[in-house]
Structure formats: structure tokens, C-alpha cells
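*Asks:* One file: coords_25.tsv (TSV, C-alpha atoms).
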chain	number	residue	atom	x	y	z
A	1	MET	CA	-0.53	213.28	222.05
A	2	HIS	CA	2.62	214.38	223.87
A	3	ILE	CA	5.27	212.46	225.75
A	4	PRO	CA	7.79	213.63	228.39
A	5	ALA	CA	11.46	213.40	227.40
A	6	THR	CA	14.87	214.77	228.36
A	7	LEU	CA	17.49	215.85	225.84
A	8	VAL	CA	21.02	215.10	226.98
A	9	ARG	CA	24.46	215.57	225.50
A	10	GLY	CA	26.72	212.68	226.29
A	11	GLY	CA	30.26	213.15	225.00
A	12	THR	CA	29.88	213.97	221.30
A	13	SER	CA	26.34	212.67	220.88
A	14	LYS	CA	22.88	214.02	221.66
A	15	CYS	CA	20.21	211.62	222.83
A	16	TRP	CA	16.56	211.94	223.86
A	17	LEU	CA	15.93	209.95	227.04
A	18	PHE	CA	12.51	208.53	227.93
A	19	ASN	CA	11.37	207.10	231.24
A	20	GLN	CA	10.35	203.49	230.75
A	21	VAL	CA	6.94	204.04	232.35
A	22	GLU	CA	6.08	206.76	229.81
A	23	VAL	CA	6.52	204.76	226.59
A	24	PRO	CA	5.13	201.53	225.13
A	25	ALA	CA	6.63	198.26	226.32
A	26	ASP	CA	6.01	196.65	222.92
A	27	ARG	CA	9.06	197.17	220.67
A	28	GLY	CA	6.97	197.68	217.53
A	29	ASP	CA	4.81	200.34	219.17
A	30	LEU	CA	7.91	202.03	220.57
A	31	GLU	CA	9.55	202.08	217.14
A	32	ARG	CA	6.48	203.69	215.56
A	33	LEU	CA	6.45	206.32	218.32
A	34	LEU	CA	10.13	207.17	217.84
A	35	VAL	CA	9.85	207.34	214.05
A	36	ALA	CA	6.93	209.76	214.38
A	37	ALA	CA	8.58	211.85	217.13
A	38	TYR	CA	11.88	212.16	215.26
A	39	GLY	CA	10.32	212.73	211.84
A	40	ALA	CA	12.48	209.81	210.77
A	41	THR	CA	10.86	209.25	207.38
A	42	ASP	CA	12.41	212.59	206.32
A	43	PRO	CA	16.15	212.66	205.48
A	44	VAL	CA	16.48	216.04	207.25
A	45	GLU	CA	14.10	215.10	210.11
A	46	LEU	CA	12.61	218.59	209.83
A	47	ASP	CA	9.18	217.74	211.24
A	48	GLY	CA	10.48	216.09	214.40
A	49	VAL	CA	13.10	216.19	217.11
A	50	GLY	CA	15.74	214.14	215.28
A	51	GLY	CA	19.07	215.79	214.57
A	52	ALA	CA	19.50	214.38	211.02
A	53	THR	CA	22.98	212.97	211.77
A	54	PRO	CA	23.84	209.56	213.22
A	55	THR	CA	25.28	211.15	216.37
A	56	THR	CA	22.18	213.30	217.01
A	57	SER	CA	19.41	210.88	216.03
A	58	LYS	CA	19.61	208.65	219.09
A	59	ALA	CA	17.22	207.68	221.88
A	60	ALA	CA	17.24	205.60	225.04
A	61	VAL	CA	14.51	204.28	227.29
A	62	VAL	CA	15.60	204.24	230.94
A	63	GLY	CA	14.13	202.44	233.92
A	64	ALA	CA	14.98	200.82	237.24
A	65	SER	CA	16.74	197.49	236.75
A	66	PRO	CA	15.49	194.23	238.27
A	67	GLU	CA	19.03	192.84	238.01
A	68	PRO	CA	20.85	192.61	241.38
A	69	GLY	CA	23.76	195.05	241.51
A	70	VAL	CA	22.48	197.09	238.57
A	71	ASP	CA	20.82	200.47	239.12
A	72	VAL	CA	19.19	201.18	235.76
A	73	ASP	CA	18.50	199.43	232.48
A	74	TYR	CA	18.51	201.36	229.23
A	75	LEU	CA	17.33	200.34	225.78
A	76	PHE	CA	19.28	202.17	223.07
A	77	ALA	CA	17.68	203.17	219.77
A	78	GLN	CA	19.56	204.43	216.73
A	79	VAL	CA	16.77	206.20	214.89
A	80	GLY	CA	17.09	206.00	211.13
A	81	ILE	CA	17.38	209.17	209.08
A	82	GLY	CA	14.98	209.10	206.16
A	83	THR	CA	14.45	205.35	206.61
A	84	GLY	CA	11.39	205.35	208.87
A	85	SER	CA	12.99	202.62	210.98
A	86	VAL	CA	14.97	202.12	214.18
A	87	GLU	CA	18.10	200.00	214.69
A	88	TRP	CA	18.05	198.07	217.98
A	89	THR	CA	21.11	195.80	217.87
A	90	SER	CA	23.84	198.10	219.20
A	91	ASN	CA	24.90	200.15	222.19
A	92	CYS	CA	26.11	203.75	222.54
A	93	GLY	CA	28.66	204.69	225.16
A	94	ASN	CA	28.11	208.43	224.71
A	95	CYS	CA	24.41	207.98	225.41
A	96	ALA	CA	25.28	205.81	228.41
A	97	THR	CA	27.27	208.78	229.73
A	98	GLY	CA	24.09	210.83	229.50
A	99	VAL	CA	22.05	208.05	231.11
A	100	ALA	CA	24.37	208.09	234.14
A	101	LEU	CA	23.88	211.83	234.68
A	102	TYR	CA	20.13	211.51	234.01
A	103	ALA	CA	19.76	208.73	236.60
A	104	VAL	CA	21.40	210.88	239.27
A	105	THR	CA	19.58	214.08	238.30
A	106	LYS	CA	16.16	212.38	238.29
A	107	GLY	CA	16.72	210.68	241.65
A	108	MET	CA	16.86	207.15	240.25
A	109	VAL	CA	20.26	206.77	241.97
A	110	PRO	CA	20.94	208.68	245.22
A	111	VAL	CA	23.93	211.00	245.47
A	112	THR	CA	26.72	209.47	247.56
A	113	GLY	CA	29.14	212.33	248.16
A	114	ASP	CA	31.64	213.86	245.77
A	115	LEU	CA	31.33	210.95	243.33
A	116	THR	CA	28.24	208.87	242.61
A	117	ARG	CA	28.43	205.50	240.89
A	118	VAL	CA	25.66	204.46	238.51
A	119	VAL	CA	25.67	200.84	237.30
A	120	MET	CA	23.83	200.52	233.99
A	121	ARG	CA	22.82	197.57	231.84
A	122	ASN	CA	22.32	198.02	228.11
A	123	THR	CA	19.42	195.69	227.34
A	124	ASN	CA	20.21	195.61	223.60
A	125	THR	CA	23.49	193.77	224.17
A	126	GLY	CA	23.55	192.84	227.86
A	127	ALA	CA	26.63	195.05	228.41
A	128	VAL	CA	27.11	196.40	231.94
A	129	LEU	CA	28.72	199.81	232.41
A	130	GLU	CA	29.61	202.01	235.36
A	131	GLY	CA	29.31	205.77	235.28
A	132	ILE	CA	31.16	207.72	237.98
A	133	VAL	CA	29.33	211.06	238.06
A	134	ASP	CA	30.86	214.22	239.53
A	135	THR	CA	28.56	215.18	242.42
A	136	ARG	CA	31.11	217.31	244.21
A	137	GLY	CA	29.76	218.73	247.44
A	138	GLY	CA	27.11	216.01	247.56
A	139	VAL	CA	24.88	217.74	245.01
A	140	VAL	CA	23.80	217.23	241.41
A	141	HIS	CA	25.50	219.62	238.97
A	142	HIS	CA	23.83	220.90	235.81
A	143	PHE	CA	26.98	222.41	234.36
A	144	GLY	CA	30.66	221.50	234.44
A	145	ARG	CA	34.06	222.16	232.91
A	146	GLN	CA	35.00	218.69	231.71
A	147	THR	CA	35.57	218.70	227.95
A	148	VAL	CA	36.00	215.93	225.40
A	149	PRO	CA	37.54	215.94	221.92
A	150	GLY	CA	35.00	217.18	219.38
A	151	THR	CA	33.55	220.09	221.33
A	152	ARG	CA	34.89	222.96	223.39
A	153	ALA	CA	31.71	222.96	225.52
A	154	GLY	CA	32.11	221.80	229.10
A	155	GLY	CA	29.93	219.32	230.91
A	156	VAL	CA	29.63	217.33	234.11
A	157	ALA	CA	32.51	214.86	234.37
A	158	VAL	CA	31.51	211.20	234.01
A	159	GLY	CA	34.07	208.40	234.05
A	160	LEU	CA	32.57	205.60	231.96
A	161	THR	CA	33.77	202.03	232.46
A	162	PHE	CA	32.77	199.03	230.38
A	163	ARG	CA	32.80	195.90	232.54
A	164	ASP	CA	33.87	192.60	230.92
A	165	PRO	CA	33.37	194.04	227.42
A	166	ALA	CA	34.89	191.15	225.45
A	167	GLY	CA	32.57	188.80	223.62
A	168	GLY	CA	29.17	190.41	223.89
A	169	THR	CA	27.00	189.74	220.87
A	170	THR	CA	29.44	187.33	219.18
A	171	GLY	CA	30.51	185.40	222.30
A	172	SER	CA	34.24	185.89	221.80
A	173	LEU	CA	36.80	188.69	221.64
A	174	LEU	CA	37.95	187.20	218.32
A	175	PRO	CA	34.85	185.71	216.68
A	176	THR	CA	36.89	184.22	213.82
A	177	GLY	CA	39.65	183.01	216.16
A	178	GLN	CA	42.29	185.17	214.46
A	179	ALA	CA	43.86	188.43	215.61
A	180	ALA	CA	44.20	189.50	211.97
A	181	GLN	CA	43.37	188.02	208.58
A	182	GLU	CA	42.97	188.85	204.92
A	183	LEU	CA	39.49	189.94	203.82
A	184	ARG	CA	38.52	190.09	200.17
A	185	VAL	CA	36.12	192.98	199.63
A	186	GLY	CA	34.34	192.70	196.30
A	187	LEU	CA	36.72	192.25	193.37
A	188	ALA	CA	39.53	194.30	194.90
A	189	GLU	CA	42.74	192.93	196.38
A	190	PRO	CA	42.33	191.56	199.93
A	191	VAL	CA	42.87	193.93	202.83
A	192	ARG	CA	44.16	193.02	206.27
A	193	VAL	CA	41.59	193.32	209.05
A	194	SER	CA	41.00	192.52	212.69
A	195	MET	CA	37.48	191.46	213.61
A	196	VAL	CA	36.97	192.10	217.31
A	197	THR	CA	34.06	192.15	219.73
A	198	ALA	CA	34.62	194.32	222.80
A	199	GLY	CA	32.12	197.04	223.55
A	200	ALA	CA	30.75	196.39	220.07
A	201	PRO	CA	31.52	194.09	217.14
A	202	VAL	CA	34.06	195.94	215.01
A	203	VAL	CA	35.97	195.27	211.79
A	204	LEU	CA	39.17	197.32	211.68
A	205	VAL	CA	41.01	197.67	208.37
A	206	ASP	CA	44.77	198.06	208.30
A	207	ALA	CA	44.85	201.35	206.40
A	208	ALA	CA	48.16	200.70	204.64
A	209	SER	CA	46.85	197.44	203.15
A	210	ALA	CA	44.02	199.45	201.58
A	211	GLY	CA	46.20	202.26	200.28
A	212	ARG	CA	45.14	204.64	203.03
A	213	THR	CA	46.67	206.17	206.16
A	214	GLY	CA	44.01	205.89	208.86
A	215	ALA	CA	44.23	209.67	209.34
A	216	GLU	CA	41.96	210.62	206.44
A	217	SER	CA	39.87	213.79	206.55
A	218	LEU	CA	36.13	213.47	207.06
A	219	GLU	CA	35.68	214.50	203.42
A	220	ARG	CA	37.87	211.62	202.25
A	221	MET	CA	36.13	209.27	204.65
A	222	ASN	CA	32.80	210.32	203.20
A	223	ALA	CA	34.01	209.19	199.78
A	224	ASP	CA	35.01	205.85	201.33
A	225	VAL	CA	31.60	205.16	202.90
A	226	PRO	CA	30.37	202.80	200.13
A	227	TRP	CA	33.60	200.79	200.32
A	228	LEU	CA	33.55	200.60	204.12
A	229	ARG	CA	29.91	199.50	204.00
A	230	THR	CA	31.04	196.64	201.78
A	231	VAL	CA	33.77	195.81	204.31
A	232	ARG	CA	31.08	195.74	207.04
A	233	HIS	CA	28.72	193.56	205.03
A	234	THR	CA	31.54	191.15	204.10
A	235	ALA	CA	32.69	190.80	207.71
A	236	ALA	CA	29.22	190.43	209.27
A	237	PRO	CA	28.60	186.75	208.40
A	238	LEU	CA	32.19	185.81	209.31
A	239	MET	CA	31.58	187.32	212.76
A	240	GLY	CA	28.30	185.46	213.23
A	241	LEU	CA	26.26	188.64	212.98
A	242	LEU	CA	24.24	187.66	209.93
A	243	GLU	CA	22.00	184.65	209.48
A	244	PRO	CA	21.95	182.90	206.07
A	245	GLY	CA	19.63	184.77	203.73
A	246	GLU	CA	19.39	187.77	206.05
A	247	GLU	CA	19.99	191.24	204.62
A	248	PRO	CA	23.06	192.97	206.09
A	249	GLY	CA	22.44	196.03	208.25
A	250	ASP	CA	24.44	199.20	208.77
A	251	ALA	CA	24.89	199.20	212.54
A	252	VAL	CA	27.13	196.20	213.22
A	253	PRO	CA	29.88	195.43	212.85
A	254	LYS	CA	31.18	198.95	213.19
A	255	ALA	CA	33.77	199.55	210.49
A	256	GLY	CA	36.83	201.74	210.24
A	257	LEU	CA	40.49	202.29	209.43
A	258	VAL	CA	43.54	202.19	211.70
A	259	GLY	CA	47.08	203.30	211.00
A	260	PRO	CA	50.25	204.62	212.63
A	261	PRO	CA	50.25	208.13	214.12
A	262	VAL	CA	50.96	211.05	211.77
A	263	PRO	CA	50.64	214.82	212.26
A	264	TYR	CA	47.15	216.14	211.47
A	265	THR	CA	44.73	218.95	212.27
A	266	THR	CA	41.49	218.27	214.11
A	267	THR	CA	38.07	219.38	212.93
A	268	LEU	CA	38.34	222.24	215.46
A	269	GLY	CA	41.58	223.40	213.86
A	270	GLU	CA	43.92	222.10	216.56
A	271	PRO	CA	47.29	220.67	215.42
A	272	ILE	CA	48.11	217.16	216.67
A	273	GLY	CA	51.64	215.79	216.50
A	274	ALA	CA	52.46	212.17	215.77
A	275	GLU	CA	54.02	211.95	219.23
A	276	ASP	CA	50.72	212.98	220.86
A	277	TYR	CA	48.94	209.67	220.26
A	278	ASP	CA	49.46	205.99	219.52
A	279	VAL	CA	47.15	204.97	216.66
A	280	SER	CA	45.10	206.75	214.01
A	281	VAL	CA	41.44	205.72	213.88
A	282	ARG	CA	38.65	206.69	211.48
A	283	MET	CA	35.26	205.02	211.98
A	284	LEU	CA	31.82	205.05	210.40
A	285	SER	CA	28.66	205.79	212.37
A	286	MET	CA	25.94	203.98	210.45
A	287	ASN	CA	26.54	205.36	206.92
A	288	ALA	CA	28.51	208.49	207.71
A	289	PRO	CA	32.02	209.21	208.97
A	290	HIS	CA	32.02	209.51	212.76
A	291	PRO	CA	33.13	213.05	213.71
A	292	ALA	CA	35.14	211.58	216.62
A	293	ILE	CA	34.78	207.92	217.64
A	294	GLY	CA	31.96	205.99	219.26
A	295	LEU	CA	32.93	204.81	222.71
A	296	THR	CA	32.02	201.20	221.97
A	297	SER	CA	34.37	201.39	218.97
A	298	ALA	CA	37.06	202.94	221.18
A	299	VAL	CA	36.76	199.99	223.56
A	300	ALA	CA	37.18	197.55	220.67
A	301	VAL	CA	40.25	199.37	219.34
A	302	ALA	CA	41.82	199.38	222.81
A	303	ALA	CA	41.12	195.66	223.28
A	304	ALA	CA	42.60	194.91	219.86
A	305	GLY	CA	45.66	196.92	220.85
A	306	LEU	CA	46.41	194.33	223.55
A	307	LEU	CA	46.59	191.52	220.99
A	308	LYS	CA	49.84	190.58	219.32
A	309	GLY	CA	49.41	190.55	215.55
A	310	SER	CA	46.26	192.65	215.40
A	311	VAL	CA	46.12	195.55	212.95
A	312	VAL	CA	46.10	197.91	215.94
A	313	SER	CA	49.25	196.49	217.56
A	314	ARG	CA	50.87	196.52	214.12
A	315	ALA	CA	50.13	200.25	213.85
A	316	THR	CA	51.44	200.95	217.36
A	317	GLY	CA	54.59	198.84	216.97
A	318	GLY	CA	53.53	196.15	219.43
A	319	PRO	CA	50.85	195.29	221.99
A	320	ALA	CA	49.69	198.31	223.98
A	321	ASP	CA	50.11	198.85	227.69
A	322	GLU	CA	47.38	200.05	230.04
A	323	TRP	CA	46.69	203.27	228.11
A	324	LEU	CA	46.04	203.65	224.39
A	325	ARG	CA	45.69	207.10	222.84
A	326	LEU	CA	43.45	207.18	219.76
A	327	GLY	CA	43.91	209.91	217.18
A	328	THR	CA	40.38	210.70	215.93
A	329	PRO	CA	39.14	213.50	213.63
A	330	ALA	CA	38.08	215.45	216.73
A	331	GLY	CA	41.28	214.91	218.69
A	332	VAL	CA	42.95	212.41	220.99
A	333	VAL	CA	40.80	210.03	223.05
A	334	ALA	CA	42.64	208.13	225.78
A	335	VAL	CA	41.33	204.68	226.71
A	336	ARG	CA	42.48	202.72	229.75
A	337	CYS	CA	42.40	198.91	229.95
A	338	THR	CA	42.74	197.46	233.45
A	339	ASP	CA	42.30	194.10	235.14
A	340	VAL	CA	43.75	192.39	232.07
A	341	ARG	CA	43.76	188.61	232.34
A	342	ASN	CA	44.85	186.25	229.55
A	343	GLY	CA	44.78	189.16	227.11
A	344	LEU	CA	41.22	190.16	228.02
A	345	PRO	CA	40.55	193.55	229.62
A	346	HIS	CA	37.87	193.25	232.28
A	347	ARG	CA	37.56	197.01	232.74
A	348	VAL	CA	37.90	199.62	230.00
A	349	THR	CA	37.50	203.26	231.00
A	350	VAL	CA	37.07	206.51	229.08
A	351	GLN	CA	36.69	209.95	230.67
A	352	ARG	CA	33.60	211.72	229.33
A	353	ALA	CA	31.27	214.63	230.03
A	354	ALA	CA	27.51	215.03	229.91
A	355	ARG	CA	24.92	217.75	230.26
A	356	LEU	CA	21.14	217.70	230.47
A	357	LEU	CA	19.94	220.19	227.86
A	358	ALA	CA	16.17	220.23	228.25
A	359	ASP	CA	13.15	218.61	229.80
A	360	ALA	CA	10.38	218.68	227.23
A	361	ARG	CA	7.05	217.39	226.03
A	362	ILE	CA	7.36	215.97	222.53
A	363	TYR	CA	4.18	216.23	220.49
A	364	VAL	CA	3.89	213.04	218.48
A	365	PRO	CA	1.63	212.95	215.39
A	366	GLY	CA	-0.56	209.93	214.77
A	367	ALA	CA	0.36	208.09	217.98
A	368	GLY	CA	-1.98	206.54	220.46
A	369	SER	CA	-1.53	206.17	224.18
A	370	PRO	CA	2.13	205.66	225.15
A	371	GLN	CA	1.29	203.61	228.18
A	372	ALA	CA	2.49	200.02	228.18
A	373	ALA	CA	-0.14	197.38	227.64
Step by step, read the file and then write its structure as C-alpha cells.

*Replies:*
Amino acid sequence: MHIPATLVRGGTSKCWLFNQVEVPADRGDLERLLVAAYGATDPVELDGVGGATPTTSKAAVVGASPEPGVDVDYLFAQVGIGTGSVEWTSNCGNCATGVALYAVTKGMVPVTGDLTRVVMRNTNTGAVLEGIVDTRGGVVHHFGRQTVPGTRAGGVAVGLTFRDPAGGTTGSLLPTGQAAQELRVGLAEPVRVSMVTAGAPVVLVDAASAGRTGAESLERMNADVPWLRTVRHTAAPLMGLLEPGEEPGDAVPKAGLVGPPVPYTTTLGEPIGAEDYDVSVRMLSMNAPHPAIGLTSAVAVAAAGLLKGSVVSRATGGPADEWLRLGTPAGVVAVRCTDVRNGLPHRVTVQRAARLLADARIYVPGAGSPQAA
């Protein structure tokens, strides 16, 4: 059988988008379809459309939203690589950027002049986001010049805002009630961490307390993956993300290092001075170093930067103002927190770019009818 799909680049991720009416409504059937389509039982995803990296093995199912004030709902899927499974508990801001452009391009949201707003709800987490899509001249654009750290390729400009991002899956910005605390990871000495939920649940390690800088190369980060997985699995139950007896997963909390700014060279060979940004950040994406930073992680880092005593504000020398510049392996990502009340940002915005790459028919082996029951 074959199924219609659209490949989109959102920021530094690639994501296959499926119209809700074209795929199964049952989550189990949908997971089997995606595993087969992506070739996800194979660690190189050769016999499928998966990209064999965490940032290119993503999917989203998009449909009109029944929620008042929301244009589209999207269900995000992080398709496993070599695992034959799909992770459903998280969100992806880069894919949401692509969803916004897709919704306008496919006529799900009408163009409203030079800028078109798309309100999206991520049904995995309940998060609501706004995408402001460049429709200059009152038309949909297939190409653009907006760039983001991690690629020199241009795309259509999309301003992505997370609305009321604090709490989410854990119910609180600080699920343990502390801006920072000591966390014992295995038999090693405790490290200082901030466990924050904003955009996504995140555990951020103060790099200095772990003998690191927060500006490590991707190669060094790759060597630290097993340790950071242990940090994630140790933090998960403390954040209320793991039921007693449940096996820890590798999607949430997102885990990473933060430290003060230092000079470094990006993965594209561009020199970055310590004065060019405010905090060094190195994150995992599932079980690999993220080549830049996931937008949900960026939101969490920015929210933590507002909190006195957090590992982020310690790295920046005090609570951040409206803007926080994150030094990532790919370059500097600027995040803006606005409508801040009682330390909680109610709007967090990142400027992104997206481009629709292809409309296709994916031939799926061993699958039955995709229509919902």
C-alpha cells in the first residue's frame, strides 16, 4: 500500500507530515505503520524513509483542531532508530515550525496578508504554540532566505511562540520545588542540576560541578551519552515522569550541560566569541548529542535563566532579562521570554525557518488500509 506524506525541514530537523484523515486513528496501528514506513527496525533505516538520526527520524500527524481558538492539532512521533518502536511522550518545536508552514501551504489556515498566524496544539503534551509564517504579498512562499544556526540553507521565516509553556507534563515549572539541587548519579560525586518543565521536562547539569565546561565538542558529548542517560534516568522519577516499577525511557526528561560562555568554533567552522552569547548549552536528542538544540529544550533553558539560583542563572551571572542567547554546537540561538509574571514566562519565542521539501507517496510494506476505523 502507499500513503501520502509531505517531507518538511523545520529549523534543524526533518519531519514527515501526514494528514490525519490518511492514517489510522488507533495509536498502535499508527505506530506499526510508521515503523514499517521508516524502516525503523534497522539502525540505518535503509529500507525506509527514516533519516537514521534523531533529528531526521521524526513524524507528525496533522489535522483540523476541534479546540476553540486553535487551528490545527498535531501528534508528534519520534521514530526509533533500530528499535522498531515510536516514542509518543514529547513535543518537537522544529517540527511545529514545519507544521505551521504546512498548514498554510495546504490551505488548512487561510493567508491573512504579509504574516499569517497558525495556532497549533501538540496533542502529546497539550502545549499550544503560535507560528507566524511569512506570507509577504499575501501569498504562500516555497523558498526563503531566513537561516538558523546549524545550516546555511534558507527557508521561509516562521516566528515560533510557545504559549504558557511552564508546567506541562509535570504540572509545575519546578517539579521538585527547587531551582537547583544536588543529584547523585550512580556512585560518582553529586552534580548540581536544575530540573525544569517549560516546553519540555529538562534536567540541566551545571557543567563545572561535573568537571566539564558546557561547550564540549559533539565528539566529547558522544562519549558522555551513557553518563547523561544515567542523569536522565535518575532525574525522571524525581520529576514525576516515571511510575514505580516502570522502565525509564530516553525521550524525557531531556538532558544536557550548561556553563558560562567561552570562545568556540561551530560545527560549520564559524568562530564564536564569549561575548557573543550568554550561556553554553549542550543537549542530548534521545541517545545522541543534539547538533544544535531542540526548541523545547531552548524554552526550558530560557525559563530556567529567569530563576535566581538555577544552574543557568549561575552560568550567566544572574537571572536573565527578556533575551537569552544560547551557545550551541551549531551557533547562537536567541530566545525571548515575554509576559513574565511571578517568574513565569507566558510567551517564549524563537525565530525559525521552514521549507517543504517534497510531496510523496510512501510505499509501506506489510501494512493494511490506513483509513481510521

*Asks:* Counting all atoms listed in the file, give me one row per residue of segment 148-182 of chain A with an atom at most 9 Å from an atom of segment 232-247 of chain A, showing the shortest contact pair and its distance in Å to one decimal, sorted by chain then residue number, as JSON lines.

*Replies:*
{"residue": "A:Thr169", "atom": "CA", "partner": "A:Leu241", "partner_atom": "CA", "distance": 8.0}
{"residue": "A:Thr170", "atom": "CA", "partner": "A:Gly240", "partner_atom": "CA", "distance": 6.3}
{"residue": "A:Leu174", "atom": "CA", "partner": "A:Met239", "partner_atom": "CA", "distance": 8.5}
{"residue": "A:Pro175", "atom": "CA", "partner": "A:Met239", "partner_atom": "CA", "distance": 5.4}
{"residue": "A:Thr176", "atom": "CA", "partner": "A:Met239", "partner_atom": "CA", "distance": 6.2}

*Asks:* For Gly82 of chain A, which of A:Gly155, A:Val118, A:Thr41, A:Leu101 is the closest residue, counting all atoms listed in the file?

*Replies:* A:Thr41

*Asks:* Using all atoms listed in the file, find all polymer residues with an atom at most 8 Å away from the point (36.3, 218.2, 221.4); report them as a ChimeraX atom specification.

*Replies:* /A:12,147-153,268,330-331

*Asks:* Rank nothing, just name the residue among A:Gly51, A:Gly98, A:Gly309, A:Gly214 nearest to Gln178 of chain A, using all atoms listed in the file.

*Replies:* A:Gly309

*Asks:* Could you check the closest approach to Gly168 of chain A for each of A:Met221, A:Ala300, A:Ala180, A:Ala37 and tell me which residue wins, using all atoms listed in the file?

*Replies:*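 The answer is A:Ala300, which sits nearest to Gly168 of chain A.
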
*Asks:* May I ask for the distance between atom CA of Gly259 of chain A and atom CA of Ser280 of chain A, given in Å to one decimal place?

*Replies:*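 Value for the atom CA of Gly259 of chain A-atom CA of Ser280 of chain A distance: 5.0 Å.
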
*Asks:* Near segment 87-89 of chain A, within 8 Å and counting only C-alpha atoms, which residues show up once chain neighbours fewer than 3 positions away are dropped, as a PyMOL selection string?

*Replies:* chain A and resi 76-80+124-125+251-252

*Asks:* Pick from A:Trp323, A:Ser65, A:Asn94, A:Lys254: nearest to Arg347 of chain A, with only C-alpha atoms counted?

*Replies:* A:Trp323

*Asks:* Please define a box with edges along x, y and z of the file around all atoms of segment 66-73 of chain A given in the file, extend it by 3 Å on each side, and return its centre and edge lengths in Å to one decimal, as lines of an AutoDock Vina configuration file.

*Replies:*
center_x = 19.6
center_y = 196.9
center_z = 237.0
size_x = 14.3
size_y = 14.6
size_z = 15.0

*Asks:* One decimal, Å: what's the distance from atom CA of Ala100 of chain A over to atom CA of Gly69 of chain A, could you say?

*Replies:*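 Atom-to-atom, atom CA of Ala100 of chain A and atom CA of Gly69 of chain A are spaced 15.0 Å apart.
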
*Asks:* Within 8 Å of Arg163 of chain A, counting only C-alpha atoms, which residues qualify if same-chain residues fewer than 5 places away don't, as a list in words?

*Replies:* Ala127, Val128, Leu129, Glu130, His346, Arg347 and Val348 of chain A

*Asks:* Suppose you want the space between atom CA of Thr83 of chain A and atom CA of Leu356 of chain A; what is it in Å?

*Replies:*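 Distance between the two atoms: 27.7 Å.
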
*Asks:* Place a sphere of radius 12 Å on (31.6, 209.4, 216.4) in the file coordinates and name every protein, DNA or RNA residue with an atom inside or on its surface, counting only C-alpha atoms; give the answer as JSON, numbers by chain.

*Replies:* {"A": [10, 11, 12, 13, 14, 53, 54, 55, 56, 92, 93, 94, 95, 148, 149, 150, 151, 218, 254, 255, 256, 281, 282, 283, 284, 285, 286, 287, 288, 289, 290, 291, 292, 293, 294, 295, 296, 297, 298, 328, 329, 330, 331, 333]}

*Asks:* Nearest residue to Val340 of chain A out of A:Val70, A:Leu187, A:Ala166, A:Ala315, using only C-alpha atoms?

*Replies:*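 So, comparing all the options, the nearest one is A:Ala166.
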
*Asks:* May I ask which of the residues A:Arg229, A:Val202, A:Ala223, A:Ala207 is the closest one to Val301 of chain A, counting only C-alpha atoms?

*Replies:* A:Val202

*Asks:* Would you mind listing what lies within 10 Å of Val350 of chain A as number ranges by chain, with only C-alpha atoms counted and same-chain residues fewer than 3 positions away left out?

*Replies:* A: 93, 131, 158-162, 295, 298-299, 333-337
